[in-house]
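Undergrad: Dropping in start04.cif, which is mmCIF, C-alpha atoms:
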```
data_final
#
loop_
_atom_site.label_atom_id
_atom_site.label_comp_id
_atom_site.auth_asym_id
_atom_site.auth_seq_id
_atom_site.Cartn_x
_atom_site.Cartn_y
_atom_site.Cartn_z
CA MET A 29 36.19 5.47 -58.69
CA LYS A 30 37.66 2.56 -56.73
CA ASN A 31 35.11 0.96 -54.45
CA LEU A 32 35.82 0.77 -50.73
CA VAL A 33 35.14 -2.90 -50.19
CA GLY A 34 37.56 -4.49 -52.66
CA GLY A 35 36.96 -6.23 -55.95
CA ALA A 36 36.55 -4.61 -59.33
CA SER A 37 36.61 -0.88 -59.85
CA MET A 38 33.16 0.66 -59.61
CA VAL A 39 31.86 3.83 -61.18
CA VAL A 40 28.79 5.82 -60.26
CA LEU A 41 27.53 7.02 -63.65
CA LEU A 42 27.41 5.30 -67.00
CA GLY A 43 29.26 6.49 -70.10
CA ALA A 44 28.40 6.17 -73.78
CA VAL A 45 26.77 3.03 -75.13
CA MET A 46 29.13 0.70 -76.98
CA SER A 47 28.29 -0.19 -80.54
CA GLY A 48 28.04 -3.75 -81.82
CA GLN A 49 25.66 -6.51 -82.74
CA SER A 50 24.78 -9.64 -80.81
CA SER A 51 26.75 -12.76 -81.63
CA ASN A 52 25.29 -15.47 -83.86
CA GLY A 53 27.22 -18.16 -82.03
CA GLY A 54 25.10 -18.29 -78.88
CA THR A 55 22.02 -20.25 -77.84
CA ALA A 56 18.74 -19.62 -79.65
CA CYS A 57 16.08 -18.06 -77.43
CA GLU A 58 13.72 -21.00 -77.05
CA ARG A 59 16.58 -23.38 -76.28
CA LEU A 60 17.42 -21.36 -73.18
CA ALA A 61 14.47 -23.13 -71.53
CA THR A 62 16.76 -26.13 -70.98
CA LEU A 63 19.62 -24.12 -69.47
CA MET A 64 20.52 -25.10 -65.91
CA VAL A 65 20.85 -22.05 -63.63
CA ARG A 66 22.12 -21.98 -60.06
CA ALA A 67 19.48 -22.53 -57.39
CA GLY A 68 16.63 -22.29 -59.86
CA THR A 69 14.73 -23.24 -62.97
CA ILE A 70 13.98 -21.41 -66.19
CA THR A 71 10.20 -21.34 -66.61
CA GLN A 72 9.87 -19.45 -69.89
CA ALA A 73 12.03 -18.65 -72.92
CA GLU A 74 10.30 -17.10 -75.90
CA THR A 75 10.99 -14.69 -78.73
CA VAL A 76 8.94 -11.49 -78.54
CA ALA A 77 8.54 -9.69 -81.86
CA ALA A 78 8.98 -5.91 -81.98
CA GLY A 79 5.93 -4.01 -80.75
CA THR A 80 4.04 -7.07 -79.48
CA PHE A 81 4.91 -7.23 -75.77
CA THR A 82 1.96 -6.93 -73.39
CA PRO A 83 2.98 -6.77 -69.73
CA PRO A 84 1.05 -8.85 -67.21
CA GLY A 85 -0.76 -7.15 -64.37
CA GLY A 86 -2.68 -4.49 -66.27
CA GLU A 87 0.12 -2.05 -67.09
CA ASP A 88 -0.48 0.31 -70.01
CA ALA A 89 0.31 -1.88 -73.01
CA ASP A 90 0.65 1.11 -75.34
CA ALA A 91 3.78 2.21 -73.48
CA PHE A 92 5.51 -0.98 -74.64
CA ARG A 93 4.52 -0.87 -78.33
CA THR A 94 7.81 0.72 -79.34
CA LEU A 95 9.97 -2.02 -77.87
CA PRO A 96 12.34 -3.77 -80.26
CA GLY A 97 12.27 -7.54 -80.57
CA PHE A 98 13.81 -9.47 -77.70
CA CYS A 99 14.24 -12.88 -76.14
CA ARG A 100 12.23 -13.02 -72.92
CA VAL A 101 13.48 -15.44 -70.27
CA ALA A 102 11.76 -16.01 -66.91
CA ALA A 103 13.12 -18.06 -64.03
CA THR A 104 12.28 -19.00 -60.45
CA LEU A 105 15.19 -19.10 -58.01
CA LYS A 106 15.10 -20.98 -54.70
CA PRO A 107 18.33 -20.41 -52.75
CA SER A 108 16.51 -21.46 -49.55
CA SER A 109 13.65 -23.86 -48.83
CA ASP A 110 11.29 -20.88 -48.37
CA SER A 111 12.52 -18.82 -51.34
CA ASP A 112 10.41 -18.12 -54.42
CA ILE A 113 12.33 -15.44 -56.33
CA LYS A 114 10.99 -14.56 -59.78
CA ILE A 115 13.30 -12.92 -62.30
CA GLU A 116 13.08 -11.93 -65.94
CA VAL A 117 15.94 -11.42 -68.38
CA TRP A 118 15.41 -9.62 -71.69
CA LEU A 119 17.94 -10.10 -74.48
CA PRO A 120 17.92 -7.86 -77.58
CA LEU A 121 17.49 -9.81 -80.81
CA ALA A 122 19.65 -7.26 -82.63
CA GLY A 123 21.91 -4.37 -81.72
CA TRP A 124 23.02 -5.68 -78.33
CA ASN A 125 25.49 -3.14 -76.93
CA GLY A 126 27.52 -5.86 -75.20
CA LYS A 127 26.40 -4.84 -71.71
CA TRP A 128 23.88 -5.94 -69.10
CA GLN A 129 21.80 -3.62 -66.89
CA ALA A 130 19.79 -4.85 -63.91
CA VAL A 131 17.04 -2.52 -62.65
CA GLY A 132 15.71 -1.93 -59.15
CA ASN A 133 12.35 -1.75 -57.42
CA GLY A 134 10.48 0.52 -55.04
CA ALA A 135 9.23 0.24 -51.45
CA PHE A 136 8.75 -3.45 -50.53
CA ASN A 137 9.10 -4.45 -54.19
CA GLY A 138 6.98 -7.48 -55.09
CA ASN A 139 6.99 -6.97 -58.85
CA ILE A 140 9.10 -7.20 -61.99
CA ASN A 141 9.92 -3.63 -63.07
CA TYR A 142 8.88 -3.84 -66.73
CA GLY A 143 9.03 -0.07 -67.23
CA ALA A 144 12.68 0.19 -66.21
CA MET A 145 13.55 -2.93 -68.20
CA SER A 146 11.97 -1.35 -71.27
CA ALA A 147 14.16 1.74 -70.92
CA ALA A 148 17.28 -0.40 -70.74
CA LEU A 149 16.23 -2.59 -73.67
CA ARG A 150 15.62 0.46 -75.89
CA ARG A 151 19.21 1.50 -75.28
CA GLY A 152 20.53 -1.87 -76.38
CA TYR A 153 21.15 -3.48 -73.01
CA ALA A 154 20.38 -7.01 -71.97
CA THR A 155 18.38 -6.33 -68.83
CA SER A 156 16.95 -8.03 -65.72
CA SER A 157 14.54 -7.44 -62.87
CA THR A 158 13.33 -9.42 -59.85
CA ASP A 159 10.28 -9.35 -57.58
CA THR A 160 12.75 -9.99 -54.67
CA GLY A 161 10.91 -13.15 -53.66
CA HIS A 162 7.28 -12.17 -53.08
CA THR A 163 4.21 -10.69 -54.76
CA GLY A 164 2.58 -7.40 -53.83
CA GLY A 165 3.73 -4.10 -52.41
CA GLY A 166 3.15 -4.59 -48.68
CA ALA A 167 5.18 -6.64 -46.18
CA ASN A 168 2.66 -9.18 -44.85
CA TRP A 169 4.65 -11.87 -46.66
CA ALA A 170 7.49 -11.37 -44.15
CA LEU A 171 5.75 -12.46 -40.95
CA GLY A 172 7.14 -15.86 -39.96
CA HIS A 173 9.34 -16.07 -43.08
CA PRO A 174 12.88 -14.97 -42.18
CA GLU A 175 14.35 -16.44 -45.37
CA LYS A 176 12.03 -14.27 -47.46
CA VAL A 177 13.22 -11.24 -45.52
CA VAL A 178 16.79 -12.17 -46.47
CA ASP A 179 15.73 -12.53 -50.10
CA PHE A 180 14.16 -9.06 -50.00
CA GLY A 181 17.10 -7.55 -48.14
CA TRP A 182 19.88 -8.63 -50.50
CA ARG A 183 19.86 -12.24 -51.69
CA ALA A 184 17.36 -11.91 -54.55
CA VAL A 185 19.45 -9.24 -56.30
CA HIS A 186 22.63 -11.30 -55.99
CA GLU A 187 21.04 -14.54 -57.19
CA MET A 188 19.46 -12.63 -60.08
CA ALA A 189 22.88 -11.27 -61.03
CA VAL A 190 24.46 -14.71 -61.07
CA ALA A 191 21.67 -16.31 -63.10
CA SER A 192 21.32 -13.36 -65.48
CA LYS A 193 24.99 -13.29 -66.40
CA GLN A 194 24.83 -17.02 -67.12
CA ILE A 195 21.78 -16.56 -69.36
CA VAL A 196 23.35 -13.61 -71.20
CA ALA A 197 26.59 -15.51 -71.79
CA SER A 198 24.77 -18.58 -73.04
CA HIS A 199 22.56 -16.62 -75.44
CA TYR A 200 25.30 -14.47 -76.98
CA ASP A 201 28.18 -16.89 -76.50
CA ARG A 202 30.07 -14.25 -74.52
CA ALA A 203 29.74 -12.60 -71.14
CA PRO A 204 28.64 -8.97 -70.91
CA ALA A 205 31.57 -6.59 -71.19
CA PHE A 206 30.14 -4.47 -68.36
CA SER A 207 27.42 -5.08 -65.80
CA TYR A 208 25.41 -2.21 -64.31
CA TRP A 209 22.77 -1.62 -61.67
CA ASN A 210 20.16 1.15 -62.03
CA GLY A 211 17.69 1.79 -59.22
CA CYS A 212 16.06 4.55 -57.16
CA SER A 213 14.76 4.71 -53.58
CA ALA A 214 14.48 1.05 -52.56
CA GLY A 215 16.30 0.35 -55.82
CA GLY A 216 19.07 2.67 -54.66
CA ARG A 217 19.27 0.73 -51.41
CA GLN A 218 19.45 -2.52 -53.38
CA GLY A 219 22.36 -1.20 -55.41
CA MET A 220 24.30 -0.02 -52.37
CA LYS A 221 23.68 -3.34 -50.61
CA ALA A 222 25.01 -5.16 -53.67
CA ALA A 223 28.15 -3.00 -53.58
CA GLN A 224 28.61 -3.78 -49.90
CA ARG A 225 28.12 -7.55 -50.07
CA PHE A 226 29.00 -8.51 -53.64
CA PRO A 227 31.24 -5.83 -55.19
CA ALA A 228 32.04 -8.05 -58.18
CA ASP A 229 28.38 -8.31 -59.26
CA PHE A 230 28.34 -4.86 -60.93
CA ASP A 231 30.97 -2.68 -62.58
CA GLY A 232 28.87 0.44 -62.06
CA ILE A 233 25.91 1.39 -59.91
CA ILE A 234 23.35 4.18 -60.21
CA ALA A 235 21.81 4.47 -56.73
CA GLY A 236 19.22 7.24 -56.90
CA ALA A 237 17.76 8.54 -53.61
CA PRO A 238 18.87 5.35 -51.81
CA GLY A 239 16.69 4.39 -48.83
CA LEU A 240 19.69 3.23 -46.84
CA ASP A 241 18.59 3.59 -43.20
CA TRP A 242 15.28 1.82 -43.78
CA THR A 243 14.47 1.05 -40.14
CA SER A 244 15.32 4.55 -38.91
CA ARG A 245 13.10 6.14 -41.56
CA ALA A 246 10.29 3.78 -40.59
CA ALA A 247 10.67 4.68 -36.93
CA GLN A 248 10.56 8.42 -37.60
CA ALA A 249 7.61 8.21 -40.02
CA ALA A 250 5.59 6.13 -37.54
CA ARG A 251 6.52 8.47 -34.68
CA VAL A 252 5.22 11.51 -36.56
CA ALA A 253 2.09 9.77 -37.85
CA LYS A 254 1.14 8.66 -34.35
CA VAL A 255 1.02 12.27 -33.18
CA LEU A 256 -0.75 13.74 -36.20
CA GLU A 257 -3.42 11.05 -36.49
CA SER A 258 -4.73 11.99 -33.05
CA HIS A 259 -4.11 15.74 -33.24
CA GLU A 260 -5.62 17.24 -36.39
CA GLY A 261 -4.82 20.78 -35.29
CA ALA A 262 -1.10 20.01 -35.34
CA ARG A 263 -1.07 19.06 -39.00
CA LEU A 264 0.77 21.22 -41.50
CA MET A 265 -1.52 21.70 -44.46
CA PRO A 266 -0.26 22.88 -47.90
CA PRO A 267 -0.41 26.63 -47.07
CA GLN A 268 1.58 26.09 -43.87
CA ARG A 269 4.13 23.92 -45.66
CA GLN A 270 4.57 26.63 -48.30
CA LEU A 271 5.00 29.24 -45.58
CA LEU A 272 7.54 27.10 -43.73
CA HIS A 273 9.50 26.35 -46.89
CA ALA A 274 9.73 30.04 -47.82
CA ALA A 275 11.00 30.86 -44.33
CA VAL A 276 13.64 28.12 -44.48
CA LEU A 277 14.89 29.40 -47.84
CA GLY A 278 14.96 32.93 -46.49
CA ALA A 279 17.13 31.81 -43.59
CA CYS A 280 19.47 29.36 -45.30
CA ASP A 281 19.41 29.71 -49.09
CA ALA A 282 22.27 32.21 -49.23
CA LEU A 283 24.60 30.27 -46.89
CA ASP A 284 26.46 28.90 -49.93
CA GLY A 285 26.93 32.37 -51.36
CA VAL A 286 24.29 31.98 -54.06
CA LYS A 287 20.60 32.74 -53.64
CA ASP A 288 19.04 30.25 -56.05
CA GLY A 289 16.13 28.64 -54.23
CA LEU A 290 18.25 25.69 -53.10
CA ILE A 291 19.94 24.78 -49.83
CA GLU A 292 23.29 23.30 -50.78
CA ASN A 293 24.11 21.89 -47.35
CA PRO A 294 21.02 21.41 -45.14
CA GLN A 295 23.20 20.42 -42.18
CA ARG A 296 24.41 24.01 -42.00
CA CYS A 297 20.83 25.29 -41.75
CA SER A 298 19.90 25.92 -38.11
CA PHE A 299 16.43 27.28 -38.83
CA ASP A 300 13.97 27.26 -35.91
CA PRO A 301 10.29 27.15 -36.97
CA GLY A 302 9.44 28.98 -33.75
CA VAL A 303 10.04 32.27 -35.58
CA LEU A 304 6.75 31.62 -37.41
CA GLU A 305 4.64 31.05 -34.30
CA CYS A 306 1.51 33.18 -34.18
CA LYS A 307 1.50 35.85 -31.48
CA GLU A 308 -2.23 35.41 -30.99
CA GLY A 309 -4.60 32.72 -32.28
CA ALA A 310 -3.91 31.63 -35.86
CA GLY A 311 -3.30 33.36 -39.16
CA ALA A 312 -2.39 32.82 -42.79
CA SER A 313 1.18 34.00 -42.27
CA CYS A 314 2.03 32.17 -39.06
CA LEU A 315 1.93 28.72 -37.43
CA THR A 316 0.10 27.71 -34.29
CA LYS A 317 2.17 26.43 -31.38
CA ALA A 318 1.11 22.86 -32.22
CA GLN A 319 2.16 23.30 -35.86
CA VAL A 320 5.53 24.68 -34.78
CA GLU A 321 6.06 21.58 -32.66
CA THR A 322 5.17 19.39 -35.64
CA ALA A 323 7.81 21.12 -37.76
CA ARG A 324 10.38 20.69 -35.01
CA MET A 325 9.46 17.03 -34.73
CA MET A 326 9.91 16.56 -38.49
CA TYR A 327 13.39 18.08 -38.43
CA SER A 328 14.53 16.46 -35.18
CA SER A 329 16.83 13.44 -34.97
CA PRO A 330 16.09 11.88 -31.57
CA ILE A 331 18.26 9.19 -30.04
CA ASN A 332 16.77 5.88 -28.92
CA PRO A 333 17.65 5.79 -25.20
CA LYS A 334 18.05 1.99 -25.21
CA THR A 335 20.15 1.49 -28.34
CA LYS A 336 21.64 5.00 -28.69
CA ARG A 337 20.60 4.78 -32.34
CA VAL A 338 19.93 8.12 -34.04
CA ILE A 339 16.50 8.28 -35.67
CA THR A 340 17.09 10.69 -38.54
CA GLY A 341 14.68 13.52 -39.24
CA VAL A 342 14.09 15.22 -42.58
CA ALA A 343 16.29 18.02 -43.89
CA PRO A 344 15.40 21.73 -43.94
CA GLY A 345 14.27 22.55 -47.46
CA SER A 346 12.21 19.36 -47.88
CA GLU A 347 8.93 20.91 -46.72
CA LEU A 348 7.17 20.81 -50.09
CA GLY A 349 7.53 17.03 -50.05
CA TRP A 350 5.73 16.64 -46.71
CA THR A 351 2.09 15.57 -46.40
CA ASP A 352 -0.75 16.28 -43.97
CA GLN A 353 0.43 13.20 -42.05
CA GLY A 354 4.03 14.38 -41.93
CA TRP A 355 6.19 12.11 -44.02
CA SER A 356 5.22 10.93 -47.50
CA VAL A 357 2.39 8.44 -48.00
CA SER A 358 4.93 5.81 -49.05
CA ALA A 359 7.16 6.40 -46.02
CA ARG A 360 4.20 6.13 -43.64
CA ALA A 361 2.85 2.96 -45.29
CA THR A 362 6.20 1.18 -45.34
CA ALA A 363 6.84 2.28 -41.75
CA LEU A 364 3.65 0.67 -40.49
CA ASP A 365 4.36 -2.57 -42.36
CA GLN A 366 7.96 -2.56 -41.14
CA PHE A 367 6.82 -2.80 -37.53
CA ARG A 368 3.76 -4.97 -38.16
CA TYR A 369 5.54 -7.70 -40.07
CA ILE A 370 9.35 -7.30 -39.97
#
```
Just give me the structure of the file as structure tokens.

TA:
Amino acid sequence: MKNLVGGASMVVLLGAVMSGQSSNGGTACERLATLMVRAGTITQAETVAAGTFTPPGGEDADAFRTLPGFCRVAATLKPSSDSDIKIEVWLPLAGWNGKWQAVGNGAFNGNINYGAMSAALRRGYATSSTDTGHTGGGANWALGHPEKVVDFGWRAVHEMAVASKQIVASHYDRAPAFSYWNGCSAGGRQGMKAAQRFPADFDGIIAGAPGLDWTSRAAQAARVAKVLESHEGARLMPPQRQLLHAAVLGACDALDGVKDGLIENPQRCSFDPGVLECKEGAGASCLTKAQVETARMMYSSPINPKTKRVITGVAPGSELGWTDQGWSVSARATALDQFRYI
């Protein structure tokens, strides 16, 4: 599929893994410590024997015991005076498939994604990850640090791509034949942002569940949480969410001609939760008036009267993913930090 912003052709899904071994003409692992990378410094270059990698930070070490041997390279990139972007690049010692796969993060990032790197390494890829310029999962690092916000928003992924390709080419004495991005949620957003700003960085991008309209989601999640924190009776508990979901499926499942428990096009679903409102009091098979209003608020997409920006609600059919506080725990937490610090 040709991308819409120019540059190299870009595909959405990856094909079969190429065969081939890594070249013997490149730079030995430990010697990569002296390699000069753009806007940064290599801080570690060591050979990791098969089955011996122990991730920092308390992750389950047993999950990494099946890793093949690799060259582990760490670097710190400083494209601005306030940048402190950490990256790691893993290079298979044998069986390199000739390709490089960068992996994404979640929420506000703040960590190297060792789990996703491990999956790529097992499939023969050289692979990379970045903490996007800060440590920890919240956003308190952003207050008063606009350059770090830029690093988080897009620059860290681009600088990682540039440095990683240089490291891969130096180690194997040839550039990767194809470069891929693989990320979900915030990682999906990272991939789409890379496609928008730097279409030549990746030949293919997997952008799972991309959190594209980050600010709008934060606004809606905070709006719902504000109401439900002060009005316990308006909360939709698991039984009410199950009831609501069943009613939505009953109203909209068959719109695509197939009754299969899925809503193919939620935008065609005009379900009104008012049909579930209790006639009197409350009951197991109905919603109170306050609960009906909560459901309507979840689905609604209000318009900011000052900016005319649409604040997108959730889609009909998503009810089983809601929580007592409305949106997911992650959406609520990132929403609060978005407005506190960014």

Undergrad: Which residues are near Val117 in chain A? Cut-off 12 Å, all atoms listed in the file, ignore same chain within fewer than 4 positions. Put them as a ChimeraX atom specification.

TA: /A:57,60,70-75,98-104,128-131,140-142,145-146,148-149,153-158,188-197,199

Undergrad: What is the distance, in Å and to one decimal place, between CA of Asp229 in chain A and CA of Gly165 in chain A?

TA: 25.9 Å

Undergrad: Can you tell me how far CA of Asp179 in chain A sits from CA of Cys212 in chain A, in Å to one decimal?

TA: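 Result for CA of Asp179 in chain A versus CA of Cys212 in chain A: 18.5 Å, one decimal.
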
Undergrad: Closest to Arg337 in chain A among A:Ala247, A:Ala235, A:Cys280, A:Ala275, using all atoms listed in the file?

TA: A:Ala247

Undergrad: What is the CA of Ala228 in chain A to CA of His186 in chain A distance in Å?

TA: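 Between these atoms lies a distance of 10.2 Å.
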
Undergrad: Which residues are close to Gly236 in chain A, i.e. within 12 Å by only C-alpha atoms, leaving aside same-chain residues fewer than 3 positions away? Reply as a PyMOL selection string.

TA: chain A and resi 40-41+131-134+209-220+233+239-240

Undergrad: Under the PyMOL selection byres ((chain A and resi 344) around 7), which residues of this model are included? Write them out as a list in words.

TA: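 Those residues are Val276, Pro294, Cys297, Tyr327, Val342, Ala343, Gly345 and Ser346 of chain A.
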
Undergrad: Under the rule that only C-alpha atoms are counted, which of A:Gly172, A:Arg251, A:Arg296, A:Tyr208 is the nearest residue to Asp281 in chain A?

TA: A:Arg296

Undergrad: Within 12 Å of His273 in chain A, counting all atoms listed in the file, which residues show up once you throw out same-chain ones fewer than 5 positions away? Write them as a list in words, please.

TA: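 Neighbouring residues, sequence-local ones excluded: Leu264, Pro266, Pro267, Gln268, Gly278, Ala279, Cys280, Asp281, Gly289, Leu290, Ile291, Phe299, Asp300, Pro301, Leu304, Ala323, Ala343, Pro344, Gly345, Ser346, Glu347, Leu348, Gly349 and Trp350 of chain A.
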
Undergrad: Would you mind telling me which residue in A:Ala318, A:Ala312, A:Lys127, A:Ala56 lies nearest to Ala203 in chain A when using only C-alpha atoms?

TA: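 Among A:Ala318, A:Ala312, A:Lys127, A:Ala56, it is A:Lys127 that comes nearest to Ala203 in chain A.
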
Undergrad: Can you tell me, as a list in words, what residues are no more than 7 Å from Leu95 in chain A when counting all atoms listed in the file, ignoring any on the same chain fewer than 6 positions away?

TA: Ala78, Gly79, Ser146 and Arg150 of chain A

Undergrad: Would you write out those residues with C-alpha atoms, as a PDB file, in the frame of the given file?

TA:
```pdb
ATOM      1  CA  ALA A  78       8.980  -5.910 -81.980  1.00  0.00           C
ATOM      2  CA  GLY A  79       5.930  -4.010 -80.750  1.00  0.00           C
ATOM      3  CA  SER A 146      11.970  -1.350 -71.270  1.00  0.00           C
ATOM      4  CA  ARG A 150      15.620   0.460 -75.890  1.00  0.00           C
TER       5      ARG A 150
END
```

Undergrad: Here's a test: counting only C-alpha atoms, identify every protein, DNA and RNA residue with an atom at most 10 Å from (2.0, 13.3, -46.4) in the file's coordinate frame, and state them as a PyMOL selection string.

TA: chain A and resi 249+253+263-266+348-360

Undergrad: For Glu87 in chain A, which of A:Gly143, A:Val178, A:Ile339, A:Ala122 is the closest residue, counting only C-alpha atoms?

TA: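 Among the listed residues, the smallest separation from Glu87 in chain A belongs to A:Gly143.
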
Undergrad: Would you kindly return, as an MDAnalysis selection string, each protein, DNA or RNA residue with an atom no farther than 12 Å from any atom of Trp169 in chain A, considering all atoms listed in the file and excluding same-chain residues fewer than 2 positions away?

TA: chainID A and resid 110:112 136:138 160:167 171:177 179:180 365:366 368:370

Undergrad: With only C-alpha atoms as the atoms that count, which of A:Cys314, A:Glu305, A:Ala237, A:Glu58 lies nearest to Gln270 in chain A?

TA: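 Closest residue, counting only C-alpha atoms: A:Cys314.
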
Undergrad: Taking into account all atoms listed in the file, which residue in the set A:Ser207, A:Arg151, A:Pro84, A:Gly302 is nearest to Glu321 in chain A?

TA: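 The closest residue to Glu321 in chain A is A:Gly302.
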
Undergrad: Please reconstruct the missing atoms of range 343-356 of chain A (target: N, CA, C and O atoms) and return them as an mmCIF file, keeping the file's coordinate frame.

TA:
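So the final result, stored in result_4.cif, reads:
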```
data_model
loop_
_atom_site.group_PDB
_atom_site.id
_atom_site.type_symbol
_atom_site.label_atom_id
_atom_site.label_comp_id
_atom_site.auth_asym_id
_atom_site.auth_seq_id
_atom_site.Cartn_x
_atom_site.Cartn_y
_atom_site.Cartn_z
ATOM 1 N N ALA A 343 15.406 16.868 -43.770
ATOM 2 C CA ALA A 343 16.290 18.020 -43.890
ATOM 3 C C ALA A 343 15.508 19.310 -44.118
ATOM 4 O O ALA A 343 14.468 19.310 -44.789
ATOM 5 N N PRO A 344 15.992 20.427 -43.596
ATOM 6 C CA PRO A 344 15.400 21.730 -43.940
ATOM 7 C C PRO A 344 15.459 21.931 -45.460
ATOM 8 O O PRO A 344 16.477 21.648 -46.092
ATOM 9 N N GLY A 345 14.358 22.399 -46.016
ATOM 10 C CA GLY A 345 14.270 22.550 -47.460
ATOM 11 C C GLY A 345 13.396 21.494 -48.108
ATOM 12 O O GLY A 345 13.046 21.606 -49.280
ATOM 13 N N SER A 346 13.011 20.467 -47.342
ATOM 14 C CA SER A 346 12.210 19.360 -47.880
ATOM 15 C C SER A 346 10.711 19.560 -47.681
ATOM 16 O O SER A 346 9.916 18.666 -48.011
ATOM 17 N N GLU A 347 10.308 20.696 -47.187
ATOM 18 C CA GLU A 347 8.930 20.910 -46.720
ATOM 19 C C GLU A 347 7.858 20.677 -47.786
ATOM 20 O O GLU A 347 6.746 20.222 -47.471
ATOM 21 N N LEU A 348 8.173 20.981 -49.032
ATOM 22 C CA LEU A 348 7.170 20.810 -50.090
ATOM 23 C C LEU A 348 6.913 19.343 -50.397
ATOM 24 O O LEU A 348 5.948 19.016 -51.091
ATOM 25 N N GLY A 349 7.741 18.460 -49.881
ATOM 26 C CA GLY A 349 7.530 17.030 -50.050
ATOM 27 C C GLY A 349 6.809 16.382 -48.881
ATOM 28 O O GLY A 349 6.573 15.169 -48.890
ATOM 29 N N TRP A 350 6.459 17.178 -47.846
ATOM 30 C CA TRP A 350 5.730 16.640 -46.710
ATOM 31 C C TRP A 350 4.258 16.460 -47.067
ATOM 32 O O TRP A 350 3.782 16.943 -48.096
ATOM 33 N N THR A 351 3.532 15.753 -46.221
ATOM 34 C CA THR A 351 2.090 15.570 -46.400
ATOM 35 C C THR A 351 1.363 15.999 -45.124
ATOM 36 O O THR A 351 1.991 16.355 -44.124
ATOM 37 N N ASP A 352 0.044 15.936 -45.157
ATOM 38 C CA ASP A 352 -0.750 16.280 -43.970
ATOM 39 C C ASP A 352 -0.398 15.373 -42.788
ATOM 40 O O ASP A 352 -0.558 15.768 -41.626
ATOM 41 N N GLN A 353 0.068 14.151 -43.091
ATOM 42 C CA GLN A 353 0.430 13.200 -42.050
ATOM 43 C C GLN A 353 1.919 13.234 -41.731
ATOM 44 O O GLN A 353 2.438 12.343 -41.061
ATOM 45 N N GLY A 354 2.607 14.248 -42.223
ATOM 46 C CA GLY A 354 4.030 14.380 -41.930
ATOM 47 C C GLY A 354 4.871 13.885 -43.098
ATOM 48 O O GLY A 354 5.050 14.581 -44.091
ATOM 49 N N TRP A 355 5.369 12.687 -42.974
ATOM 50 C CA TRP A 355 6.190 12.110 -44.020
ATOM 51 C C TRP A 355 5.307 11.738 -45.211
ATOM 52 O O TRP A 355 4.086 11.798 -45.160
ATOM 53 N N SER A 356 5.955 11.287 -46.290
ATOM 54 C CA SER A 356 5.220 10.930 -47.500
ATOM 55 C C SER A 356 4.301 9.741 -47.246
ATOM 56 O O SER A 356 4.479 8.995 -46.278
#
```
